[in-house]
>>> print(open('final.csv').read())   # CSV, C-alpha atoms
chain,number,residue,atom,x,y,z
A,1,MET,CA,84.1,69.5,87.4
A,2,PRO,CA,81.0,71.6,87.2
A,3,VAL,CA,78.5,68.7,87.2
A,4,LYS,CA,79.0,65.7,89.3
A,5,GLY,CA,80.3,62.8,87.2
A,6,VAL,CA,79.7,64.6,83.8
A,7,SER,CA,81.9,67.1,81.8
A,8,ARG,CA,84.8,68.6,83.6
A,9,VAL,CA,85.4,72.3,84.3
A,10,GLY,CA,86.6,72.1,87.8
A,11,GLY,CA,86.6,70.0,90.9
A,12,LEU,CA,83.3,69.1,92.7
A,13,GLY,CA,83.4,65.6,94.1
A,14,THR,CA,81.0,63.0,92.8
A,15,ALA,CA,77.9,62.2,94.7
A,16,ALA,CA,79.1,58.6,95.1
A,17,VAL,CA,82.1,59.6,97.1
A,18,LEU,CA,80.6,62.3,99.2
A,19,GLY,CA,79.6,60.1,102.1
A,20,GLY,CA,83.0,58.4,102.2
A,21,ALA,CA,84.9,61.6,102.0
A,22,VAL,CA,83.0,63.0,105.0
A,23,ALA,CA,83.9,60.0,107.0
A,24,THR,CA,87.5,60.1,106.0
A,25,ALA,CA,87.8,63.8,106.7
A,26,ALA,CA,87.3,63.2,110.4
A,27,VAL,CA,90.9,61.9,110.8
A,28,LEU,CA,92.8,64.3,108.6
A,29,THR,CA,96.3,65.4,109.3
A,30,SER,CA,98.8,67.7,107.6
A,31,CYS,CA,102.5,67.9,106.7
A,32,GLY,CA,105.3,69.0,104.6
A,33,ILE,CA,106.3,71.8,101.5
A,34,SER,CA,108.4,73.4,97.8
A,35,THR,CA,111.1,73.0,90.8
A,36,THR,CA,109.9,74.9,88.1
A,37,SER,CA,108.3,73.9,84.9
A,38,ALA,CA,107.0,75.2,81.6
A,39,PRO,CA,103.8,77.3,81.8
A,40,GLU,CA,100.6,75.3,82.1
A,41,GLN,CA,97.4,76.0,80.1
A,42,PRO,CA,94.4,76.5,82.4
A,43,SER,CA,92.8,73.2,83.2
A,44,ARG,CA,89.5,74.8,84.0
A,45,ALA,CA,89.0,76.0,80.4
A,46,ALA,CA,88.1,73.7,77.5
A,47,PRO,CA,90.4,70.7,76.8
A,48,THR,CA,91.1,72.1,73.3
A,49,SER,CA,93.8,74.6,74.2
A,50,PRO,CA,92.1,77.9,74.9
A,51,SER,CA,93.8,81.1,73.9
A,52,ARG,CA,96.5,82.2,76.3
A,53,PRO,CA,95.8,85.1,78.7
A,54,VAL,CA,97.2,88.4,77.5
A,55,PRO,CA,99.4,90.1,80.1
A,56,SER,CA,98.1,93.4,81.2
A,57,ALA,CA,100.0,96.4,82.3
A,58,SER,CA,102.0,96.6,85.6
A,59,PRO,CA,100.1,94.9,88.4
A,60,SER,CA,98.4,96.9,91.0
A,61,ARG,CA,97.1,95.6,94.4
A,62,ALA,CA,93.5,96.1,95.2
A,63,ALA,CA,92.4,98.1,98.1
A,64,PRO,CA,92.7,96.2,101.4
A,65,SER,CA,89.8,94.1,102.5
A,66,THR,CA,89.5,92.2,105.8
A,67,SER,CA,92.8,90.6,106.5
A,68,VAL,CA,93.7,87.4,108.4
A,69,THR,CA,96.9,86.2,110.0
A,70,PRO,CA,97.4,82.5,109.7
A,71,SER,CA,97.5,80.6,113.0
A,72,ALA,CA,100.7,78.8,112.0
A,73,SER,CA,103.5,79.0,109.6
A,74,THR,CA,106.6,77.2,108.4
A,75,SER,CA,108.8,79.9,109.8
A,76,ARG,CA,109.5,80.8,113.5
A,77,SER,CA,107.9,84.2,113.2
A,78,ALA,CA,104.3,84.7,112.2
A,79,PRO,CA,103.8,85.8,108.6
A,80,ASP,CA,102.3,89.2,107.6
A,81,PRO,CA,98.5,89.3,107.3
A,82,VAL,CA,97.1,88.3,103.9
A,83,GLN,CA,94.5,90.3,102.0
A,84,LEU,CA,91.2,88.6,101.6
A,85,PRO,CA,88.8,89.2,98.6
A,86,PRO,CA,86.1,91.7,99.3
A,87,LEU,CA,82.7,90.3,100.3
A,88,HIS,CA,79.8,90.1,97.8
A,89,ALA,CA,81.8,91.8,95.0
A,90,ASP,CA,81.4,91.6,91.3
A,91,PHE,CA,83.7,88.8,89.9
A,92,ASP,CA,85.0,87.7,86.5
A,93,TYR,CA,86.5,84.3,85.8
A,94,GLN,CA,89.2,84.8,83.2
A,95,ILE,CA,91.2,81.6,83.4
A,96,GLY,CA,90.6,80.8,79.7
A,97,GLY,CA,92.2,84.1,78.7
A,98,ALA,CA,92.7,87.6,80.1
A,99,TYR,CA,90.8,90.6,78.9
A,100,PRO,CA,89.8,94.0,80.3
A,101,PRO,CA,87.3,93.3,83.1
A,102,PRO,CA,83.8,94.6,82.7
A,103,VAL,CA,82.8,97.8,84.5
A,104,GLY,CA,82.1,97.2,88.1
A,105,VAL,CA,84.2,94.0,88.5
A,106,ARG,CA,86.4,94.1,91.6
A,107,ILE,CA,87.7,90.5,91.7
A,108,VAL,CA,89.3,88.6,88.8
A,109,SER,CA,90.8,85.1,88.6
A,110,ARG,CA,93.4,84.5,85.9
A,111,ASP,CA,95.8,81.7,85.0
A,112,ARG,CA,99.2,81.9,86.6
A,113,THR,CA,100.8,82.6,83.2
A,114,ALA,CA,98.8,85.9,82.9
A,115,SER,CA,99.3,89.2,84.7
A,116,PRO,CA,97.0,90.7,87.3
A,117,ALA,CA,94.4,93.2,86.4
A,118,PRO,CA,95.5,96.6,87.6
A,119,GLY,CA,93.6,98.0,90.6
A,120,LEU,CA,91.5,94.8,91.2
A,121,TYR,CA,91.7,91.9,93.6
A,122,ASN,CA,93.5,89.3,91.6
A,123,ILE,CA,93.4,85.5,92.1
A,124,CYS,CA,96.1,83.3,90.5
A,125,TYR,CA,94.9,79.9,89.1
A,126,VAL,CA,97.2,76.9,89.3
A,127,ASN,CA,96.5,73.3,88.6
A,128,ALA,CA,97.9,71.8,91.8
A,129,PHE,CA,96.8,68.2,92.0
A,130,GLN,CA,97.0,67.0,88.4
A,131,ALA,CA,99.5,67.3,85.6
A,132,GLN,CA,98.5,69.2,82.4
A,133,PRO,CA,98.7,67.0,79.3
A,134,ASP,CA,101.6,69.1,77.9
A,135,GLU,CA,103.3,69.0,81.3
A,136,ARG,CA,103.1,65.3,82.1
A,137,ALA,CA,106.5,64.4,80.6
A,138,SER,CA,108.2,67.1,82.8
A,139,TRP,CA,107.1,65.4,86.0
A,140,PRO,CA,109.3,62.7,87.6
A,141,ALA,CA,107.7,59.3,86.7
A,142,ASP,CA,107.3,58.4,90.4
A,143,LEU,CA,105.2,61.5,91.1
A,144,LEU,CA,102.5,60.4,88.7
A,145,LEU,CA,99.9,58.3,90.5
A,146,ARG,CA,99.9,54.7,89.3
A,147,ASP,CA,97.6,51.8,89.8
A,148,ALA,CA,98.5,48.2,90.7
A,149,ASP,CA,99.5,47.5,87.1
A,150,GLY,CA,101.8,50.5,87.0
A,151,GLU,CA,99.5,52.5,84.7
A,152,VAL,CA,99.2,56.2,85.3
A,153,VAL,CA,95.8,57.2,86.7
A,154,VAL,CA,94.3,59.8,84.4
A,155,ASP,CA,91.4,62.2,84.8
A,156,GLU,CA,89.7,61.0,81.6
A,157,ASP,CA,87.6,64.2,81.1
A,158,TRP,CA,90.7,66.3,80.7
A,159,GLY,CA,93.5,63.8,80.0
A,160,GLU,CA,95.4,65.0,83.1
A,161,ALA,CA,97.5,62.6,85.1
A,162,LEU,CA,96.8,62.6,88.8
A,163,LEU,CA,99.8,63.5,91.0
A,164,ASP,CA,100.9,61.0,93.7
A,165,ILE,CA,100.5,62.7,97.1
A,166,ARG,CA,100.1,59.5,99.1
A,167,THR,CA,103.2,60.0,101.3
A,168,ALA,CA,104.7,63.0,103.2
A,169,ALA,CA,107.9,62.7,101.1
A,170,LYS,CA,106.0,62.8,97.8
A,171,ARG,CA,103.8,65.6,98.9
A,172,LYS,CA,106.8,67.7,99.7
A,173,ARG,CA,108.3,67.0,96.2
A,174,VAL,CA,105.0,67.8,94.4
A,175,ALA,CA,104.6,71.0,96.5
A,176,ALA,CA,108.1,72.0,95.6
A,177,ARG,CA,107.0,72.6,92.0
A,178,VAL,CA,103.6,74.1,92.9
A,179,ASN,CA,105.1,76.4,95.4
A,180,ARG,CA,107.4,77.8,92.7
A,181,TRP,CA,104.3,78.6,90.8
A,182,ILE,CA,102.8,80.3,93.9
A,183,ASP,CA,106.1,82.3,94.2
A,184,GLY,CA,105.6,83.4,90.6
A,185,CYS,CA,102.0,84.5,91.4
A,186,ALA,CA,103.3,86.6,94.3
A,187,ALA,CA,106.1,88.1,92.3
A,188,LYS,CA,103.6,89.3,89.6
A,189,GLY,CA,101.4,91.0,92.3
A,190,PHE,CA,98.5,88.6,92.6
A,191,ASP,CA,96.6,88.8,95.9
A,192,ALA,CA,95.5,85.1,96.2
A,193,VAL,CA,96.0,81.7,94.7
A,194,GLU,CA,93.4,79.2,93.5
A,195,PRO,CA,94.8,75.6,93.6
A,196,ASP,CA,92.6,73.5,91.3
A,197,ASN,CA,91.6,69.8,91.6
A,198,TYR,CA,91.5,69.5,95.4
A,199,ASP,CA,89.0,66.8,94.8
A,200,SER,CA,91.2,64.7,92.5
A,201,TYR,CA,91.2,62.0,95.2
A,202,THR,CA,87.6,61.3,94.2
A,203,ARG,CA,88.8,60.3,90.7
A,204,SER,CA,91.8,58.2,91.9
A,205,HIS,CA,90.0,54.8,92.1
A,206,HIS,CA,90.5,54.9,95.9
A,207,LEU,CA,94.3,55.2,95.6
A,208,LEU,CA,94.2,58.7,97.2
A,209,THR,CA,92.2,59.8,100.2
A,210,ALA,CA,90.7,63.0,101.6
A,211,ASN,CA,93.5,62.8,104.2
A,212,ASP,CA,96.1,63.0,101.4
A,213,ALA,CA,94.4,65.9,99.8
A,214,THR,CA,94.1,68.0,102.9
A,215,ALA,CA,97.7,67.2,104.0
A,216,PHE,CA,98.8,68.5,100.6
A,217,ILE,CA,96.6,71.6,100.5
A,218,THR,CA,97.9,72.5,103.9
A,219,LEU,CA,101.4,72.6,102.6
A,220,LEU,CA,100.3,75.0,99.9
A,221,SER,CA,98.3,77.2,102.3
A,222,ARG,CA,101.4,77.6,104.5
A,223,HIS,CA,103.5,78.6,101.6
A,224,ALA,CA,100.9,80.9,100.2
A,225,HIS,CA,100.6,82.7,103.5
A,226,ALA,CA,104.3,83.0,103.8
A,227,ARG,CA,104.2,84.8,100.4
A,228,ARG,CA,101.4,87.0,101.7
A,229,LEU,CA,98.9,85.4,99.4
A,230,ALA,CA,95.4,84.3,100.5
A,231,ILE,CA,94.4,80.8,99.3
A,232,ALA,CA,91.1,79.5,98.1
A,233,GLN,CA,89.4,76.2,98.6
A,234,LYS,CA,88.3,75.1,95.1
A,235,ASN,CA,85.1,73.2,95.1
A,236,THR,CA,85.2,70.0,97.3
A,237,VAL,CA,82.3,70.9,99.5
A,238,GLU,CA,82.7,67.7,101.5
A,239,LEU,CA,85.9,69.1,103.0
A,240,ALA,CA,84.7,72.7,103.6
A,241,GLY,CA,84.3,72.0,107.3
A,242,LEU,CA,88.0,71.5,107.6
A,243,ARG,CA,88.8,75.1,106.7
A,244,LYS,CA,90.6,75.9,110.0
A,245,ARG,CA,92.8,72.9,109.8
A,246,THR,CA,93.8,73.5,106.2
A,247,ARG,CA,94.0,77.3,106.7
A,248,LEU,CA,92.1,78.1,103.6
A,249,ASP,CA,90.8,81.6,103.4
A,250,PHE,CA,87.8,81.7,101.1
A,251,ALA,CA,86.0,79.4,98.6
A,252,ILE,CA,85.6,79.3,94.8
A,253,ALA,CA,82.6,77.1,94.1
A,254,GLU,CA,81.5,76.0,90.7
A,255,GLU,CA,77.8,75.2,90.3
A,256,CYS,CA,77.1,75.2,94.1
A,257,ALA,CA,73.6,76.6,93.4
A,258,GLU,CA,72.9,73.9,90.8
A,259,TYR,CA,73.7,71.3,93.4
A,260,ALA,CA,72.3,73.0,96.5
A,261,GLU,CA,75.8,73.4,98.1
A,262,CYS,CA,76.2,77.2,98.4
A,263,GLY,CA,74.9,77.3,101.9
A,264,GLU,CA,77.6,74.9,103.1
A,265,TYR,CA,80.3,77.0,101.6
A,266,ALA,CA,78.8,80.2,103.0
A,267,GLU,CA,78.7,78.7,106.5
A,268,ALA,CA,82.2,77.3,106.4
A,269,PHE,CA,83.8,80.5,104.9
A,270,ASP,CA,81.6,83.2,106.5
A,271,ASP,CA,80.1,84.2,103.2
A,272,ARG,CA,83.5,84.8,101.6
A,273,VAL,CA,82.5,82.6,98.6
A,274,ILE,CA,82.9,83.1,94.8
A,275,VAL,CA,80.2,81.3,92.9
A,276,ILE,CA,80.6,80.3,89.2
A,277,GLU,CA,77.5,78.9,87.5
A,278,TYR,CA,77.5,77.5,83.9
A,279,SER,CA,73.8,77.7,83.1
A,280,ASP,CA,71.1,80.3,83.4
A,281,SER,CA,69.1,78.0,85.7
A,282,GLY,CA,72.2,77.8,88.0
A,283,LEU,CA,72.5,81.6,88.0
A,284,ARG,CA,68.8,82.0,88.9
A,285,LYS,CA,69.2,79.6,91.8
A,286,ALA,CA,72.3,81.3,93.0
A,287,ARG,CA,70.8,84.7,92.9
A,288,SER,CA,67.6,83.5,94.5
A,289,GLY,CA,69.3,82.2,97.6
A,290,PHE,CA,72.5,84.3,97.8
A,291,ALA,CA,72.3,87.4,95.7
A,292,GLY,CA,72.9,89.6,98.7
A,293,ARG,CA,75.6,87.6,100.3
A,294,LEU,CA,78.0,85.9,97.8
A,295,SER,CA,80.0,86.9,94.6
A,296,ILE,CA,78.1,85.3,91.7
A,297,VAL,CA,78.8,85.1,88.0
A,298,ARG,CA,77.5,82.9,85.1
A,299,ARG,CA,80.2,81.9,82.6
A,300,ASP,CA,80.4,79.6,79.6
A,301,LEU,CA,81.9,76.2,80.0
A,302,ASP,CA,85.0,77.1,78.0
A,303,VAL,CA,85.6,80.2,80.2
A,304,SER,CA,86.2,81.9,76.8
A,305,THR,CA,87.1,85.6,76.0
A,306,PRO,CA,84.8,88.3,74.6
A,307,GLY,CA,84.4,87.9,70.8
A,308,SER,CA,84.5,84.1,71.0
A,309,ALA,CA,81.5,82.4,69.6
A,310,GLY,CA,80.5,80.8,72.9
A,311,TYR,CA,81.4,83.6,75.3
A,312,VAL,CA,78.9,84.1,78.1
A,313,ARG,CA,79.2,86.3,81.2
A,314,LYS,CA,76.1,87.3,83.2
A,315,VAL,CA,75.6,88.5,86.8
A,316,ARG,CA,71.8,88.6,86.7
>>> encode(input="final.csv", output="structure tokens")
Amino acid sequence: MPVKGVSRVGGLGTAAVLGGAVATAAVLTSCGISTTSAPEQPSRAAPTSPSRPVPSASPSRAAPSTSVTPSASTSRSAPDPVQLPPLHADFDYQIGGAYPPPVGVRIVSRDRTASPAPGLYNICYVNAFQAQPDERASWPADLLLRDADGEVVVDEDWGEALLDIRTAAKRKRVAARVNRWIDGCAAKGFDAVEPDNYDSYTRSHHLLTANDATAFITLLSRHAHARRLAIAQKNTVELAGLRKRTRLDFAIAEECAEYAECGEYAEAFDDRVIVIEYSDSGLRKARSGFAGRLSIVRRDLDVSTPGSAGYVRKVR
């Protein structure tokens, strides 16, 4: 979510849970991996079913940037290096619908149902920790997080059921579906994956922990690297310091300038950070502190397409 405890566009943790998450993070562990489902609508766009991304022509990989070889993998042999996004490059956030990127853009993030933008560095958005409203019925009932009364725990801002990742066995089953989506991203020619709602544990009424979240994201990062995809940490600044353990390659941070968190991401990810602000004041703050270091864009809350009434995209 872009603002802590208010309307949802992504996944920053709430201020109330920040201290607890940091304490929990000290004991984190990781385990497990890998069914398919109907296409999801992007959870980061407006809850009112944004227009679907329009597939572009045949995908084309961007020119190589600095690459990294993950320190571990699920296979016996080390995976090939992944391609990282270019540093301090013009970015466009298109998860609400694909369109021709503005001149100068080098990095684009699009929903997994879309196609990559030819010639650019392409990031594939997946909703990894919560079930889209139109997907909820397709998930096994026991993989939806339930409270003591047996009621499904829901992210009220977006009507998305939280997925139950409390045990290694359940994490492997949830990852089975998400990893199929990651496979689809790789097959289309994306360069990286953006798993959203890493911070869903902060909305779980204490049923999930930071340990559960990091164990699950580590499964996804191993699988992404095996498919030669880089993987982003989406928001969740309180866990940024665990980058090496979770094997996350770069960060996508919503409103980090608005909440004075960009510096923490920059330190944890060696300035390989994409910043999305949703207000002019946030954009000014981001540029004031990090214009020469990070990739920064100002978008509208609906992440809409050009021609839409609320469309906003600014870089200065």
>>> closest_residue(input="final.csv", among="A:Arg247, A:Tyr99, A:Leu84, A:Arg222", to="A:Ser304", atoms="all atoms listed in the file")
A:Tyr99
>>> residues_around(input="final.csv", residues="A:Ile217", least_positions_apart="3", cutoff="8 Å", atoms="all atoms listed in the file", output="list in words")
Tyr198, Ala213, Thr214, Leu220, Ser221 and Thr246 of chain A
>>> closest_residue(input="final.csv", among="A:Ala117, A:Ala232, A:Ala251, A:Ala161", to="A:Ala131", atoms="only C-alpha atoms")
A:Ala161
>>> atom_distance(input="final.csv", atom1="atom CA of A:Ala226", atom2="atom CA of A:Ile165")
21.7 Å
>>> residues_near_point(input="final.csv", point="(78.7, 81.7, 83.2)", cutoff="10 Å", atoms="all atoms listed in the file", output="count of residues only")
26
>>> atom_distance(input="final.csv", atom1="atom CA of A:His225", atom2="atom CA of A:Val82")
6.6 Å
>>> closest_residue(input="final.csv", among="A:Val103, A:Leu229, A:Leu242, A:Ala286", to="A:Leu120", atoms="only C-alpha atoms")
A:Val103
>>> atom_distance(input="final.csv", atom1="atom CA of A:Asp196", atom2="atom CA of A:Arg136")
16.2 Å
>>> closest_residue(input="final.csv", among="A:Val237, A:Ala169, A:Ala266, A:Ala187", to="A:Pro116", atoms="all atoms listed in the file")
A:Ala187
>>> closest_residue(input="final.csv", among="A:Ile274, A:Leu239, A:Ala215, A:Ala230", to="A:Ala253", atoms="all atoms listed in the file")
A:Ile274
>>> residues_around(input="final.csv", residues="stretch 173-175 of chain A", least_positions_apart="5", cutoff="10 Å", atoms="all atoms listed in the file", output="list of chain:residue names")
A:Gly32, A:Ile33, A:Ser34, A:Thr35, A:Ala128, A:Phe129, A:Trp139, A:Pro140, A:Leu143, A:Leu144, A:Leu163, A:Asp164, A:Ile165, A:Ala168, A:Arg180, A:Trp181, A:Ile182, A:Phe216, A:Ile217, A:Leu219, A:Leu220, A:His223
>>> write_last_selection(input="final.csv", atoms="C-alpha atoms", output="short mmCIF file (atom, residue, chain, number, x, y, z; two decimals), keeping the file's coordinate frame")
data_model
loop_
_atom_site.label_atom_id
_atom_site.label_comp_id
_atom_site.auth_asym_id
_atom_site.auth_seq_id
_atom_site.Cartn_x
_atom_site.Cartn_y
_atom_site.Cartn_z
CA GLY A 32 105.30 69.00 104.60
CA ILE A 33 106.30 71.80 101.50
CA SER A 34 108.40 73.40 97.80
CA THR A 35 111.10 73.00 90.80
CA ALA A 128 97.90 71.80 91.80
CA PHE A 129 96.80 68.20 92.00
CA TRP A 139 107.10 65.40 86.00
CA PRO A 140 109.30 62.70 87.60
CA LEU A 143 105.20 61.50 91.10
CA LEU A 144 102.50 60.40 88.70
CA LEU A 163 99.80 63.50 91.00
CA ASP A 164 100.90 61.00 93.70
CA ILE A 165 100.50 62.70 97.10
CA ALA A 168 104.70 63.00 103.20
CA ARG A 180 107.40 77.80 92.70
CA TRP A 181 104.30 78.60 90.80
CA ILE A 182 102.80 80.30 93.90
CA PHE A 216 98.80 68.50 100.60
CA ILE A 217 96.60 71.60 100.50
CA LEU A 219 101.40 72.60 102.60
CA LEU A 220 100.30 75.00 99.90
CA HIS A 223 103.50 78.60 101.60
#
>>> closest_residue(input="final.csv", among="A:Gln132, A:Gln233, A:Gln94, A:Ser295", to="A:Leu248", atoms="all atoms listed in the file")
A:Gln233
>>> build_atoms(input="final.csv", residues="stretch 194-210 of chain A", atoms="N, CA and C atoms", output="PDB file, in the frame of the given file")
ATOM      1  N   GLU A 194      94.515  80.115  93.623  1.00  0.00           N
ATOM      2  CA  GLU A 194      93.400  79.200  93.500  1.00  0.00           C
ATOM      3  C   GLU A 194      93.943  77.822  93.013  1.00  0.00           C
ATOM      4  N   PRO A 195      94.254  76.922  93.943  1.00  0.00           N
ATOM      5  CA  PRO A 195      94.800  75.600  93.600  1.00  0.00           C
ATOM      6  C   PRO A 195      93.632  74.676  93.124  1.00  0.00           C
ATOM      7  N   ASP A 196      93.651  74.262  91.872  1.00  0.00           N
ATOM      8  CA  ASP A 196      92.600  73.500  91.300  1.00  0.00           C
ATOM      9  C   ASP A 196      92.759  71.962  91.582  1.00  0.00           C
ATOM     10  N   ASN A 197      91.652  71.242  91.507  1.00  0.00           N
ATOM     11  CA  ASN A 197      91.600  69.800  91.600  1.00  0.00           C
ATOM     12  C   ASN A 197      91.889  69.229  92.996  1.00  0.00           C
ATOM     13  N   TYR A 198      91.502  70.004  93.997  1.00  0.00           N
ATOM     14  CA  TYR A 198      91.500  69.500  95.400  1.00  0.00           C
ATOM     15  C   TYR A 198      90.824  68.194  95.519  1.00  0.00           C
ATOM     16  N   ASP A 199      89.796  67.999  94.712  1.00  0.00           N
ATOM     17  CA  ASP A 199      89.000  66.800  94.800  1.00  0.00           C
ATOM     18  C   ASP A 199      89.505  65.638  93.927  1.00  0.00           C
ATOM     19  N   SER A 200      90.742  65.720  93.443  1.00  0.00           N
ATOM     20  CA  SER A 200      91.200  64.700  92.500  1.00  0.00           C
ATOM     21  C   SER A 200      91.235  63.294  93.198  1.00  0.00           C
ATOM     22  N   TYR A 201      91.263  63.264  94.523  1.00  0.00           N
ATOM     23  CA  TYR A 201      91.200  62.000  95.200  1.00  0.00           C
ATOM     24  C   TYR A 201      89.929  61.208  94.872  1.00  0.00           C
ATOM     25  N   THR A 202      88.855  61.940  94.540  1.00  0.00           N
ATOM     26  CA  THR A 202      87.600  61.300  94.200  1.00  0.00           C
ATOM     27  C   THR A 202      87.643  60.610  92.836  1.00  0.00           C
ATOM     28  N   ARG A 203      88.676  60.913  92.042  1.00  0.00           N
ATOM     29  CA  ARG A 203      88.800  60.300  90.700  1.00  0.00           C
ATOM     30  C   ARG A 203      90.051  59.365  90.681  1.00  0.00           C
ATOM     31  N   SER A 204      90.550  58.979  91.852  1.00  0.00           N
ATOM     32  CA  SER A 204      91.800  58.200  91.900  1.00  0.00           C
ATOM     33  C   SER A 204      91.591  56.707  92.069  1.00  0.00           C
ATOM     34  N   HIS A 205      90.355  56.253  91.927  1.00  0.00           N
ATOM     35  CA  HIS A 205      90.000  54.800  92.100  1.00  0.00           C
ATOM     36  C   HIS A 205      90.476  54.344  93.482  1.00  0.00           C
ATOM     37  N   HIS A 206      90.247  55.202  94.470  1.00  0.00           N
ATOM     38  CA  HIS A 206      90.500  54.900  95.900  1.00  0.00           C
ATOM     39  C   HIS A 206      92.008  54.781  96.211  1.00  0.00           C
ATOM     40  N   LEU A 207      92.868  55.264  95.329  1.00  0.00           N
ATOM     41  CA  LEU A 207      94.300  55.200  95.600  1.00  0.00           C
ATOM     42  C   LEU A 207      94.699  56.428  96.505  1.00  0.00           C
ATOM     43  N   LEU A 208      93.999  57.538  96.344  1.00  0.00           N
ATOM     44  CA  LEU A 208      94.200  58.700  97.200  1.00  0.00           C
ATOM     45  C   LEU A 208      93.039  58.860  98.136  1.00  0.00           C
ATOM     46  N   THR A 209      93.282  59.541  99.243  1.00  0.00           N
ATOM     47  CA  THR A 209      92.200  59.800 100.200  1.00  0.00           C
ATOM     48  C   THR A 209      92.052  61.254 100.487  1.00  0.00           C
ATOM     49  N   ALA A 210      90.954  61.579 101.162  1.00  0.00           N
ATOM     50  CA  ALA A 210      90.700  63.000 101.600  1.00  0.00           C
ATOM     51  C   ALA A 210      91.859  63.421 102.499  1.00  0.00           C
TER      52      ALA A 210
END
